[in-house]
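First up is the structure itself, then whatever we jot down about it.
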Amino acid sequence: MKTEEMVLDGNALGGMMLELFGREMTMVVSTCRSCGTTGPLASVDVYMKAPGVVVRCRTCQSVLMKIVRSSERVWLDVDGMRMMEMEL
């Protein structure tokens, strides 16, 4: 399978993010730490077939977020994002 066949848009994160944060998160605006691109999580590239979930900036392909799950824990690394902004 080619890499471009594995990529999904950020809507693929919807269920997982709802479970983790208890709210709809695909419209949360994030800013890429690497290139400064700002946009909703729905517009990122998502790779679900990695050892965890890898979320990349659609502009520069930098890793924005990594999510790894076990039966008892979730590890969420958002080091590639400068910020996330959402309405209350």
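Residue numbering restarts at 1 in every chain; chains get A, B, ... in the order shown in the structure tokens, and ligands count up from 1 in that same order.
Excluding A:Met86 itself and same-chain residues fewer than 6 positions from it, the residues having an atom within 10 Å of it are Met25, Met27, Val28, Val29, Ser30 and Pro40 of chain A, counting only C-alpha atoms.
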*Polymer residues at most 7 Å from A:Arg33, only C-alpha atoms, same-chain spacing of 6 or more positions, as a PyMOL selection string*: chain A and resi 80-82
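With only C-alpha atoms taken into account, the protein and nucleic acid residues at most 9 Å from A:Val7 (excluding it and anything under 6 positions from it in its own chain) are Asp45, Val46, Tyr47 and Met48 of chain A.
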Store the residues of this selection in a file with N, CA and C atoms, as a compact mmCIF listing (two decimals), in the first residue's frame.
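New file result-v1.txt:
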# COMPACT_ATOMS: atom_id res chain seq x y z
N ASP A 45 -3.57 15.84 7.94
CA ASP A 45 -3.41 14.49 7.40
C ASP A 45 -3.26 13.52 8.56
N VAL A 46 -3.99 12.42 8.51
CA VAL A 46 -3.99 11.44 9.60
C VAL A 46 -3.59 10.08 9.06
N TYR A 47 -2.67 9.45 9.76
CA TYR A 47 -2.21 8.10 9.42
C TYR A 47 -2.59 7.18 10.57
N MET A 48 -3.57 6.32 10.34
CA MET A 48 -4.10 5.45 11.40
C MET A 48 -3.39 4.10 11.46
*Write out as a ChimeraX atom specification each polymer residue whose atoms come within 12 Å of A:Leu8, counting only C-alpha atoms; drop sequence neighbours fewer than 2 positions from it.*
/A:3-6,10-14,41-49,53-56,58
*For A:Trp75, list every protein, DNA or RNA residue within 12 Å, evaluated using only C-alpha atoms, and leave out those in the same chain fewer than 3 positions away; present the list as a ChimeraX atom specification.*
/A:20,52-54,65-72,78
Take the residues that were just selected and, keeping C-alpha atoms, output them as a PDB file, in the first residue's frame.
ATOM      1  CA  LEU A  20     -10.564  11.805  25.061  1.00  0.00           C
ATOM      2  CA  GLY A  52      -0.241   4.705  16.891  1.00  0.00           C
ATOM      3  CA  VAL A  53      -2.099   7.520  15.179  1.00  0.00           C
ATOM      4  CA  VAL A  54       0.158  10.094  13.510  1.00  0.00           C
ATOM      5  CA  MET A  65       0.358  14.976  17.137  1.00  0.00           C
ATOM      6  CA  LYS A  66       0.892  11.324  18.043  1.00  0.00           C
ATOM      7  CA  ILE A  67      -1.675   9.212  19.856  1.00  0.00           C
ATOM      8  CA  VAL A  68      -0.884   5.766  21.228  1.00  0.00           C
ATOM      9  CA  ARG A  69      -3.476   3.671  23.042  1.00  0.00           C
ATOM     10  CA  SER A  70      -3.329   0.569  25.159  1.00  0.00           C
ATOM     11  CA  SER A  71      -6.184  -1.130  26.956  1.00  0.00           C
ATOM     12  CA  GLU A  72      -5.476   0.978  30.059  1.00  0.00           C
ATOM     13  CA  VAL A  78       1.036  17.436  20.763  1.00  0.00           C
TER      14      VAL A  78
END
*How far is it from atom CA of A:Arg73 to atom CA of A:Thr38, in Å with one decimal?*
29.3 Å
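If you look at atom CA of A:Cys60 and atom CA of A:Thr31, they are 11.9 Å away from each other.
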*Once DSSP has gone over the backbone, tell me which residues of chain A are in alpha helix (DSSP H), as a PyMOL selection string.*
chain A and resi 3-6+14-21
*Report the residues of chain A whose backbone DSSP state falls under strand (DSSP E), written as number ranges by chain.*
A: 7-9, 29-32, 38-40, 45-47, 53-56, 63-69, 74-77, 81-85
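Atom pair atom CA of A:Gln61 / atom CA of A:Met84: separated by 17.7 Å.
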